[in-house]
Amino acid sequence: MIKQNVATVLNGIINKYLELEGIIENVNFTIEVPPKNIDADFATNAAMLIAKKIKRNPRVVAQEIIAIISKTSQNIIEKTEIAGAGFINLHIKNDALSAELKTILKEKNKYGSKAANDKEKILVEFVSANPTGPLHIGHGRGAAIGDSIARILKHLGYSVIKEYYLNDVGNQMLVLANSVECRYRQLKGEKIDFPIDHYQGEYIVDIAKRLISEGKKLEEIDFRKEAVKDILKIIEEDLGDFEVEFDNWFSEGNIAVVKDKNGKTDVDKSCQYLLEKGDAYEKDDALWLASTKFGDDKDRVLKRSDGRYTYLASDVAYHKNKFERGFQKLIDLWGADHHGYVARIKACVQMLGFSKEDLDIVLYQLVSLVRNGQPVAMSTRSGEFVTLKSVLDEVGKDSCRFFFLLRAPDSQLEFDLELAKKQSSENPVFYVQYVNARCNSILKESRNRTDIVNDTEKINFNLLTSKEERDLIKKLSAFYDTLILSEKTMSPHHFTLYLIELADIYHRFYEKCKVLTDDANLASSRLKLIEGVMVIIQTSLGLLGVSSPDKM
RNA sequence: GCGCCCAUAGCUCAAUUGGAUAGAGCAUUUGACUACGAAUCAAAAGGUUAGAGGUUCAACUCCUCUUGGGCGCGCCA
């Protein structure tokens, strides 16, 4: 949070400066880590932005600002200089870095957290795969991203609920039920063809086999119920292996089937609501959503002329239900192939009286699997799709989750099974986990010494002055920046990149600075730095759902 | 035809949302283990950010067009 402290200080100074210049509006300046060739801890573009507003030379403005800094901010900022077109470069005092390290050691895995009190309630809905088969690898990416977003928001103090929306009614359920029934009949010796558009997977046969082994007779079987039961069990096991846990499973039946005392479902009522409000209308015997009012390409059907509702009608009722449960913010994770639905759902949200920002839709691109340079085909109905389970069994949970989170959700992900399996430097998961193992090894070794000081209060942090040590502390503090950035962009991939960079800086520190030196004071303070590294590595990996082994 | 996303080093991808000389990993070349783990480090090489215009003190980032790719456009889910 060093950056935030600097920001607070600079904000005060800039506002004061603006006041003197008679400028009322705010200036949205940035504080950044300068490129490697620049010798400074942070840099700000404030002077350039102000100069533009008041039409003066940016370097002159910068000069006036650093004059104020040197008068008022000596507790944090060691020195400043002007560079380039008018950047102000800032050098941070060692005391400020030490203080940050102490905070990390004190707060441990709560570092960067905020009090949970008056924060928003957020609902993150993800995976939500139809219960028609095991999860495939695309669902896995959604699971990894959704779960990680939830963990990040939780760490930031939000009250977060993770929900799985279960489409357990409707057309595909009939197909599913019929698929199982066909397999059942075939196993019983009937010569019937299995329809080409039905679910081909072996798991369908397994369900039929179970029903036969339990001695169930054809007439007494509810194939839909039996199939959903077994498949849900499979999905729950897959998610369990992936260490993704849901707080709530929301059945579509709740809103589409369950009726109140007037015989109305939630879907009936929300359609009625829209109709009365004028956001839905009847045409050609169907009920239409006037989504063009809120920027959609065309209006959409809610209820077909044959009286059946569309999927969209359920979705309206479902999102209404979410808001009614008291969530201020909804986050939906969808595969990118659903992007065409964004406009209409955002329209619904606004018709329900909320702002379109109250619903955040994170689209993630598909995963393309590669094995031996050959792309692996993925189709949910072909029967030869790649299940999440098969990938998990092959490469392990940690690699799998890390790889899914390696890229921004928006970019397509190439998942190389052979690479993810490698326990070598080619594999970034191991590169990061190795840091924790190395640190742990040093801690273990340090216990053989009697001259090490353990009490943080008695440590002399001013001994940590080398470039490597300073870089490491600054990077630990950037954990918070990464949290904020991940929240802002709804994208956990910043953490995988952060961890790789942190590991890089740690390994450089390791080469240059021997921790267990003969100098007991120096060794003690460096050990505290190691502890800080472990706190941040473990917390960060935790946010990604990846473990931090003590040894590898 | 219309809409959304994308195009960055040989490959897979970043770039703190408009900042300084565009960065990592892999692959290639060269060096470093009698110090806490070499699953590591140091160094070299690799780029007209698809192309052309525009806005800006500053553009991979914003705007327009062109080219090439992915996806979506049903009273399907």
# chains A, B, ... in the order shown; residues from 1 in each chain; ligands from 1
call {"tool": "closest_atom_pairs", "arguments": {"of": "stretch 345-417 of chain A", "to": "stretch 53-71 of chain B", "cutoff": "12 Å", "atoms": "only C-alpha atoms (C1' of nucleotides)", "output": "JSON lines"}}
result
{"residue": "A:Leu363", "atom": "CA", "partner": "B:C71", "partner_atom": "C1'", "distance": 11.7}
{"residue": "A:Tyr364", "atom": "CA", "partner": "B:C71", "partner_atom": "C1'", "distance": 11.6}
{"residue": "A:Gln365", "atom": "CA", "partner": "B:C71", "partner_atom": "C1'", "distance": 9.3}
{"residue": "A:Leu366", "atom": "CA", "partner": "B:G70", "partner_atom": "C1'", "distance": 9.8}
{"residue": "A:Ser368", "atom": "CA", "partner": "B:G70", "partner_atom": "C1'", "distance": 11.8}
{"residue": "A:Asp410", "atom": "CA", "partner": "B:G70", "partner_atom": "C1'", "distance": 11.7}
{"residue": "A:Ser411", "atom": "CA", "partner": "B:G70", "partner_atom": "C1'", "distance": 10.4}
{"residue": "A:Gln412", "atom": "CA", "partner": "B:G70", "partner_atom": "C1'", "distance": 8.9}
call {"tool": "write_last_selection", "arguments": {"atoms": "C-alpha atoms", "output": "PDB file, in the first residue's frame"}}
result
ATOM      1  CA  LEU A 363     -17.033 -13.070 -20.946  1.00  0.00           C
ATOM      2  CA  TYR A 364     -14.305 -15.633 -21.197  1.00  0.00           C
ATOM      3  CA  GLN A 365     -12.976 -17.011 -24.426  1.00  0.00           C
ATOM      4  CA  LEU A 366     -12.815 -20.679 -25.147  1.00  0.00           C
ATOM      5  CA  SER A 368      -8.212 -24.686 -27.100  1.00  0.00           C
ATOM      6  CA  ASP A 410     -11.036 -11.987 -22.984  1.00  0.00           C
ATOM      7  CA  SER A 411      -8.204 -13.642 -24.819  1.00  0.00           C
ATOM      8  CA  GLN A 412      -8.328 -17.132 -26.151  1.00  0.00           C
TER       9      GLN A 412
END
call {"tool": "select_by_dssp", "arguments": {"residues": "stretch 95-304 of chain A", "states": "strand (DSSP E)", "output": "list of chain:residue names"}}
result
A:Lys121, A:Ile122, A:Leu123, A:Val124, A:Glu125, A:Ser159, A:Val160, A:Ile161, A:Lys162, A:Glu163, A:Tyr164, A:Tyr165, A:Leu166, A:Asn248, A:Trp249, A:Phe250, A:Ser251, A:Ala280, A:Tyr281, A:Glu282, A:Lys283, A:Ala286, A:Leu287, A:Trp288, A:Leu289, A:Arg300, A:Val301, A:Leu302, A:Lys303
call {"tool": "write_last_selection", "arguments": {"atoms": "N, CA and C atoms", "output": "PDB file, in the first residue's frame"}}
result
ATOM      1  N   LYS A 121     -23.013  -6.203  -0.999  1.00  0.00           N
ATOM      2  CA  LYS A 121     -23.231  -7.645  -1.156  1.00  0.00           C
ATOM      3  C   LYS A 121     -23.156  -7.979  -2.639  1.00  0.00           C
ATOM      4  N   ILE A 122     -22.330  -8.930  -2.981  1.00  0.00           N
ATOM      5  CA  ILE A 122     -22.133  -9.269  -4.391  1.00  0.00           C
ATOM      6  C   ILE A 122     -22.473 -10.729  -4.642  1.00  0.00           C
ATOM      7  N   LEU A 123     -23.154 -10.998  -5.745  1.00  0.00           N
ATOM      8  CA  LEU A 123     -23.427 -12.371  -6.140  1.00  0.00           C
ATOM      9  C   LEU A 123     -22.652 -12.692  -7.413  1.00  0.00           C
ATOM     10  N   VAL A 124     -21.811 -13.705  -7.321  1.00  0.00           N
ATOM     11  CA  VAL A 124     -21.070 -14.138  -8.506  1.00  0.00           C
ATOM     12  C   VAL A 124     -21.671 -15.445  -8.988  1.00  0.00           C
ATOM     13  N   GLU A 125     -22.180 -15.411 -10.208  1.00  0.00           N
ATOM     14  CA  GLU A 125     -22.775 -16.629 -10.768  1.00  0.00           C
ATOM     15  C   GLU A 125     -21.865 -17.156 -11.871  1.00  0.00           C
ATOM     16  N   SER A 159     -19.043  -8.779   0.770  1.00  0.00           N
ATOM     17  CA  SER A 159     -19.768  -9.965   1.160  1.00  0.00           C
ATOM     18  C   SER A 159     -20.171 -10.679  -0.134  1.00  0.00           C
ATOM     19  N   VAL A 160     -19.574 -11.841  -0.378  1.00  0.00           N
ATOM     20  CA  VAL A 160     -19.695 -12.483  -1.688  1.00  0.00           C
ATOM     21  C   VAL A 160     -20.375 -13.849  -1.590  1.00  0.00           C
ATOM     22  N   ILE A 161     -21.333 -14.066  -2.467  1.00  0.00           N
ATOM     23  CA  ILE A 161     -21.979 -15.380  -2.566  1.00  0.00           C
ATOM     24  C   ILE A 161     -21.681 -15.951  -3.949  1.00  0.00           C
ATOM     25  N   LYS A 162     -21.272 -17.221  -3.975  1.00  0.00           N
ATOM     26  CA  LYS A 162     -21.001 -17.893  -5.251  1.00  0.00           C
ATOM     27  C   LYS A 162     -22.184 -18.798  -5.577  1.00  0.00           C
ATOM     28  N   GLU A 163     -22.739 -18.615  -6.763  1.00  0.00           N
ATOM     29  CA  GLU A 163     -23.956 -19.341  -7.095  1.00  0.00           C
ATOM     30  C   GLU A 163     -23.853 -20.072  -8.432  1.00  0.00           C
ATOM     31  N   TYR A 164     -24.456 -21.236  -8.455  1.00  0.00           N
ATOM     32  CA  TYR A 164     -24.545 -22.059  -9.659  1.00  0.00           C
ATOM     33  C   TYR A 164     -26.004 -22.096 -10.076  1.00  0.00           C
ATOM     34  N   TYR A 165     -26.285 -21.644 -11.282  1.00  0.00           N
ATOM     35  CA  TYR A 165     -27.662 -21.629 -11.789  1.00  0.00           C
ATOM     36  C   TYR A 165     -27.895 -22.907 -12.580  1.00  0.00           C
ATOM     37  N   LEU A 166     -28.865 -23.643 -12.122  1.00  0.00           N
ATOM     38  CA  LEU A 166     -29.072 -24.979 -12.652  1.00  0.00           C
ATOM     39  C   LEU A 166     -30.260 -25.002 -13.603  1.00  0.00           C
ATOM     40  N   ASN A 248     -24.354 -21.601  -3.098  1.00  0.00           N
ATOM     41  CA  ASN A 248     -25.762 -21.816  -3.388  1.00  0.00           C
ATOM     42  C   ASN A 248     -25.955 -22.411  -4.783  1.00  0.00           C
ATOM     43  N   TRP A 249     -26.861 -23.380  -4.864  1.00  0.00           N
ATOM     44  CA  TRP A 249     -27.258 -23.950  -6.149  1.00  0.00           C
ATOM     45  C   TRP A 249     -28.678 -23.508  -6.379  1.00  0.00           C
ATOM     46  N   PHE A 250     -28.885 -22.747  -7.436  1.00  0.00           N
ATOM     47  CA  PHE A 250     -30.200 -22.184  -7.690  1.00  0.00           C
ATOM     48  C   PHE A 250     -30.861 -22.905  -8.850  1.00  0.00           C
ATOM     49  N   SER A 251     -31.946 -23.587  -8.557  1.00  0.00           N
ATOM     50  CA  SER A 251     -32.626 -24.359  -9.592  1.00  0.00           C
ATOM     51  C   SER A 251     -33.585 -23.483 -10.389  1.00  0.00           C
ATOM     52  N   ALA A 280     -42.769  -4.764 -22.082  1.00  0.00           N
ATOM     53  CA  ALA A 280     -43.061  -5.959 -22.887  1.00  0.00           C
ATOM     54  C   ALA A 280     -44.407  -5.715 -23.571  1.00  0.00           C
ATOM     55  N   TYR A 281     -44.607  -6.385 -24.707  1.00  0.00           N
ATOM     56  CA  TYR A 281     -45.852  -6.184 -25.439  1.00  0.00           C
ATOM     57  C   TYR A 281     -46.233  -7.464 -26.178  1.00  0.00           C
ATOM     58  N   GLU A 282     -47.497  -7.565 -26.570  1.00  0.00           N
ATOM     59  CA  GLU A 282     -47.956  -8.744 -27.280  1.00  0.00           C
ATOM     60  C   GLU A 282     -48.031  -8.474 -28.765  1.00  0.00           C
ATOM     61  N   LYS A 283     -47.520  -9.427 -29.544  1.00  0.00           N
ATOM     62  CA  LYS A 283     -47.558  -9.291 -31.006  1.00  0.00           C
ATOM     63  C   LYS A 283     -47.485 -10.684 -31.598  1.00  0.00           C
ATOM     64  N   ALA A 286     -47.433 -13.736 -29.493  1.00  0.00           N
ATOM     65  CA  ALA A 286     -46.292 -13.957 -28.597  1.00  0.00           C
ATOM     66  C   ALA A 286     -46.098 -12.744 -27.703  1.00  0.00           C
ATOM     67  N   LEU A 287     -45.298 -12.949 -26.628  1.00  0.00           N
ATOM     68  CA  LEU A 287     -44.960 -11.829 -25.740  1.00  0.00           C
ATOM     69  C   LEU A 287     -43.522 -11.419 -26.009  1.00  0.00           C
ATOM     70  N   TRP A 288     -43.348 -10.132 -26.279  1.00  0.00           N
ATOM     71  CA  TRP A 288     -42.033  -9.620 -26.670  1.00  0.00           C
ATOM     72  C   TRP A 288     -41.452  -8.692 -25.609  1.00  0.00           C
ATOM     73  N   LEU A 289     -40.143  -8.780 -25.453  1.00  0.00           N
ATOM     74  CA  LEU A 289     -39.413  -7.851 -24.591  1.00  0.00           C
ATOM     75  C   LEU A 289     -38.930  -6.687 -25.451  1.00  0.00           C
ATOM     76  N   ARG A 300     -37.015  -9.092 -28.253  1.00  0.00           N
ATOM     77  CA  ARG A 300     -36.831 -10.541 -28.085  1.00  0.00           C
ATOM     78  C   ARG A 300     -38.103 -11.182 -27.556  1.00  0.00           C
ATOM     79  N   VAL A 301     -38.292 -12.422 -27.933  1.00  0.00           N
ATOM     80  CA  VAL A 301     -39.486 -13.136 -27.488  1.00  0.00           C
ATOM     81  C   VAL A 301     -39.310 -13.660 -26.068  1.00  0.00           C
ATOM     82  N   LEU A 302     -40.313 -13.413 -25.238  1.00  0.00           N
ATOM     83  CA  LEU A 302     -40.330 -13.944 -23.876  1.00  0.00           C
ATOM     84  C   LEU A 302     -41.201 -15.194 -23.802  1.00  0.00           C
ATOM     85  N   LYS A 303     -42.347 -15.122 -24.494  1.00  0.00           N
ATOM     86  CA  LYS A 303     -43.294 -16.233 -24.465  1.00  0.00           C
ATOM     87  C   LYS A 303     -43.751 -16.512 -25.887  1.00  0.00           C
TER      88      LYS A 303
END
call {"tool": "select_by_dssp", "arguments": {"residues": "stretch 329-373 of chain A", "states": "alpha helix (DSSP H)", "output": "compact mmCIF listing (two decimals) with C-alpha atoms, in the first residue's frame"}}
result
# COMPACT_ATOMS: atom_id res chain seq x y z
CA VAL A 342 -25.30 -9.14 -23.10
CA ALA A 343 -27.42 -6.37 -24.61
CA ARG A 344 -30.76 -7.99 -23.80
CA ILE A 345 -29.87 -8.91 -20.23
CA LYS A 346 -28.48 -5.45 -19.58
CA ALA A 347 -31.76 -4.12 -20.96
CA CYS A 348 -33.66 -6.32 -18.50
CA VAL A 349 -31.65 -5.05 -15.60
CA GLN A 350 -32.55 -1.49 -16.50
CA MET A 351 -36.21 -2.39 -16.93
call {"tool": "closest_residue", "arguments": {"among": "B:U49, B:U34, B:U8, B:U17", "to": "chain A", "atoms": "only C-alpha atoms (C1' of nucleotides)"}}
result
B:U17
call {"tool": "closest_residue", "arguments": {"among": "A:Trp334, A:Leu153, A:Lys488, A:Tyr506", "to": "A:Lys114", "atoms": "only C-alpha atoms"}}
result
A:Leu153
call {"tool": "interface_residues", "arguments": {"of": "chain B", "to": "chain A", "cutoff": "8 Å", "atoms": "only C-alpha atoms (C1' of nucleotides)", "output": "tab-separated table (two decimals) with N, CA and C atoms (P, O5', C5', C4', C3', O3' and C1' of nucleotides), in the first residue's frame"}}
result
chain	number	residue	atom	x	y	z
B	4	C	P	-20.29	-3.46	-32.43
B	4	C	O5'	-19.84	-4.71	-31.56
B	4	C	C5'	-20.36	-4.90	-30.25
B	4	C	C4'	-19.85	-6.21	-29.68
B	4	C	C3'	-18.34	-6.34	-29.58
B	4	C	O3'	-17.80	-5.68	-28.46
B	4	C	C1'	-19.22	-8.31	-30.53
B	5	C	P	-16.31	-5.08	-28.55
B	5	C	O5'	-15.42	-6.41	-28.57
B	5	C	C5'	-15.29	-7.21	-27.41
B	5	C	C4'	-14.46	-8.44	-27.70
B	5	C	C3'	-13.05	-8.19	-28.20
B	5	C	O3'	-12.15	-7.86	-27.17
B	5	C	C1'	-14.05	-9.85	-29.54
B	6	C	P	-10.94	-6.85	-27.47
B	6	C	O5'	-10.07	-7.69	-28.51
B	6	C	C5'	-9.22	-8.73	-28.06
B	6	C	C4'	-8.74	-9.59	-29.19
B	6	C	C3'	-7.60	-9.04	-30.03
B	6	C	O3'	-6.36	-9.15	-29.37
B	6	C	C1'	-9.18	-10.09	-31.43
B	12	U	P	1.38	-18.85	-31.33
B	12	U	O5'	1.39	-18.89	-29.73
B	12	U	C5'	1.04	-20.10	-29.06
B	12	U	C4'	1.06	-19.86	-27.56
B	12	U	C3'	0.28	-18.64	-27.09
B	12	U	O3'	-1.12	-18.89	-27.01
B	12	U	C1'	2.38	-18.69	-26.03
B	13	C	P	-2.12	-17.63	-27.03
B	13	C	O5'	-1.73	-16.83	-25.72
B	13	C	C5'	-1.82	-15.43	-25.65
B	13	C	C4'	-1.03	-14.98	-24.46
B	13	C	C3'	-1.19	-13.52	-24.05
B	13	C	O3'	-2.37	-13.36	-23.27
B	13	C	C1'	1.10	-14.12	-24.02
B	14	A	P	-2.95	-11.91	-23.01
B	14	A	O5'	-1.99	-11.35	-21.89
B	14	A	C5'	-1.26	-10.19	-22.11
B	14	A	C4'	-0.43	-9.88	-20.91
B	14	A	C3'	-0.44	-8.40	-20.54
B	14	A	O3'	-1.46	-8.10	-19.63
B	14	A	C1'	1.78	-9.12	-20.83
B	16	U	P	-1.50	-1.25	-19.04
B	16	U	O5'	-1.87	-0.54	-17.67
B	16	U	C5'	-2.87	-1.11	-16.84
B	16	U	C4'	-2.57	-0.87	-15.39
B	16	U	C3'	-2.27	0.58	-15.03
B	16	U	O3'	-3.46	1.32	-14.84
B	16	U	C1'	-0.70	-0.85	-13.99
B	19	G	P	-0.85	4.87	-20.11
B	19	G	O5'	0.49	4.98	-20.95
B	19	G	C5'	1.71	4.69	-20.31
B	19	G	C4'	2.78	5.62	-20.84
B	19	G	C3'	3.99	5.70	-19.92
B	19	G	O3'	5.13	5.94	-20.73
B	19	G	C1'	3.06	7.85	-20.16
B	20	A	P	5.93	4.62	-21.32
B	20	A	O5'	7.26	5.38	-21.73
B	20	A	C5'	7.24	6.43	-22.69
B	20	A	C4'	8.49	7.25	-22.54
B	20	A	C3'	9.78	6.43	-22.49
B	20	A	O3'	10.81	7.22	-23.08
B	20	A	C1'	9.57	7.66	-20.49
B	21	U	P	11.08	7.06	-24.68
B	21	U	O5'	11.69	5.61	-24.79
B	21	U	C5'	11.86	5.04	-26.08
B	21	U	C4'	12.44	3.65	-25.96
B	21	U	C3'	11.73	2.74	-24.96
B	21	U	O3'	11.81	1.41	-25.45
B	21	U	C1'	13.99	2.91	-24.39
B	25	G	P	12.04	-14.33	-18.30
B	25	G	O5'	11.24	-15.65	-18.67
B	25	G	C5'	10.47	-16.31	-17.68
B	25	G	C4'	9.54	-17.31	-18.33
B	25	G	C3'	10.21	-18.23	-19.34
B	25	G	O3'	10.86	-19.32	-18.74
B	25	G	C1'	8.22	-17.36	-20.27
B	26	C	P	12.17	-19.92	-19.39
B	26	C	O5'	11.58	-20.63	-20.69
B	26	C	C5'	10.71	-21.74	-20.56
B	26	C	C4'	10.15	-22.13	-21.91
B	26	C	C3'	11.19	-22.46	-22.97
B	26	C	O3'	11.66	-23.79	-22.85
B	26	C	C1'	9.55	-21.03	-23.88
B	35	A	P	29.37	-23.55	-2.54
B	35	A	O5'	29.28	-23.00	-1.06
B	35	A	C5'	28.54	-23.66	-0.05
B	35	A	C4'	27.67	-22.67	0.69
B	35	A	C3'	26.25	-22.55	0.16
B	35	A	O3'	25.44	-23.55	0.75
B	35	A	C1'	27.14	-20.39	0.55
B	36	C	P	24.11	-23.97	0.08
B	36	C	O5'	23.06	-23.16	0.96
B	36	C	C5'	22.98	-23.44	2.35
B	36	C	C4'	21.70	-22.92	2.91
B	36	C	C3'	20.47	-23.06	2.01
B	36	C	O3'	19.90	-24.34	2.21
B	36	C	C1'	20.56	-20.88	2.94
B	37	G	P	18.59	-24.78	1.30
B	37	G	O5'	19.02	-24.53	-0.20
B	37	G	C5'	19.94	-25.38	-0.81
B	37	G	C4'	19.46	-25.71	-2.20
B	37	G	C3'	19.11	-24.49	-3.04
B	37	G	O3'	19.44	-24.78	-4.41
B	37	G	C1'	17.24	-25.91	-2.90
B	39	A	P	17.32	-27.48	-9.19
B	39	A	O5'	16.24	-26.55	-9.88
B	39	A	C5'	16.21	-26.40	-11.28
B	39	A	C4'	14.82	-26.01	-11.71
B	39	A	C3'	14.33	-24.72	-11.07
B	39	A	O3'	13.40	-24.09	-11.95
B	39	A	C1'	12.94	-26.49	-10.40
B	40	U	P	13.80	-22.80	-12.71
B	40	U	O5'	14.82	-22.10	-11.71
B	40	U	C5'	14.36	-21.33	-10.62
B	40	U	C4'	15.52	-20.61	-10.00
B	40	U	C3'	16.18	-19.58	-10.90
B	40	U	O3'	15.50	-18.34	-10.88
B	40	U	C1'	17.84	-20.96	-9.96
B	41	C	P	15.55	-17.38	-12.12
B	41	C	O5'	16.99	-16.73	-12.00
B	41	C	C5'	17.34	-15.98	-10.85
B	41	C	C4'	18.81	-15.70	-10.87
B	41	C	C3'	19.30	-14.92	-12.08
B	41	C	O3'	19.09	-13.54	-11.92
B	41	C	C1'	20.73	-16.76	-11.70
B	57	C	P	-1.31	18.92	-27.61
B	57	C	O5'	0.10	18.25	-27.27
B	57	C	C5'	1.30	18.85	-27.74
B	57	C	C4'	2.49	18.17	-27.11
B	57	C	C3'	2.51	16.66	-27.24
B	57	C	O3'	2.99	16.24	-28.50
B	57	C	C1'	3.03	17.26	-25.01
B	71	C	P	-15.42	-20.02	-34.67
B	71	C	O5'	-16.45	-19.12	-33.86
B	71	C	C5'	-16.58	-19.28	-32.46
B	71	C	C4'	-17.37	-18.15	-31.87
B	71	C	C3'	-18.80	-18.00	-32.33
B	71	C	O3'	-19.67	-18.96	-31.75
B	71	C	C1'	-17.80	-15.89	-32.25
B	72	G	P	-20.97	-19.40	-32.54
B	72	G	O5'	-21.94	-18.15	-32.39
B	72	G	C5'	-22.31	-17.71	-31.10
B	72	G	C4'	-23.00	-16.38	-31.18
B	72	G	C3'	-24.22	-16.32	-32.09
B	72	G	O3'	-25.35	-16.87	-31.45
B	72	G	C1'	-22.86	-14.44	-32.48
B	73	C	P	-26.60	-17.27	-32.34
B	73	C	O5'	-27.16	-15.81	-32.65
B	73	C	C5'	-28.41	-15.63	-33.25
B	73	C	C4'	-28.50	-14.22	-33.79
B	73	C	C3'	-29.21	-14.12	-35.12
B	73	C	O3'	-30.62	-14.11	-34.96
B	73	C	C1'	-27.21	-12.90	-35.23
B	75	C	P	-37.46	-15.47	-33.30
B	75	C	O5'	-38.51	-15.87	-32.22
B	75	C	C5'	-38.07	-16.40	-30.99
B	75	C	C4'	-38.98	-17.52	-30.54
B	75	C	C3'	-38.96	-18.74	-31.45
B	75	C	O3'	-39.15	-19.89	-30.64
B	75	C	C1'	-41.14	-17.86	-31.34
B	77	A	P	-35.74	-22.07	-25.52
B	77	A	O5'	-34.44	-22.65	-24.82
B	77	A	C5'	-34.32	-24.04	-24.53
B	77	A	C4'	-32.91	-24.33	-24.14
B	77	A	C3'	-32.39	-23.49	-22.97
B	77	A	O3'	-32.73	-24.05	-21.72
B	77	A	C1'	-30.86	-23.40	-24.76
call {"tool": "residues_around", "arguments": {"residues": "A:Asp332", "least_positions_apart": "3", "cutoff": "8 Å", "atoms": "only C-alpha atoms (C1' of nucleotides)", "output": "PyMOL selection string"}}
result
chain A and resi 124-126+359-362
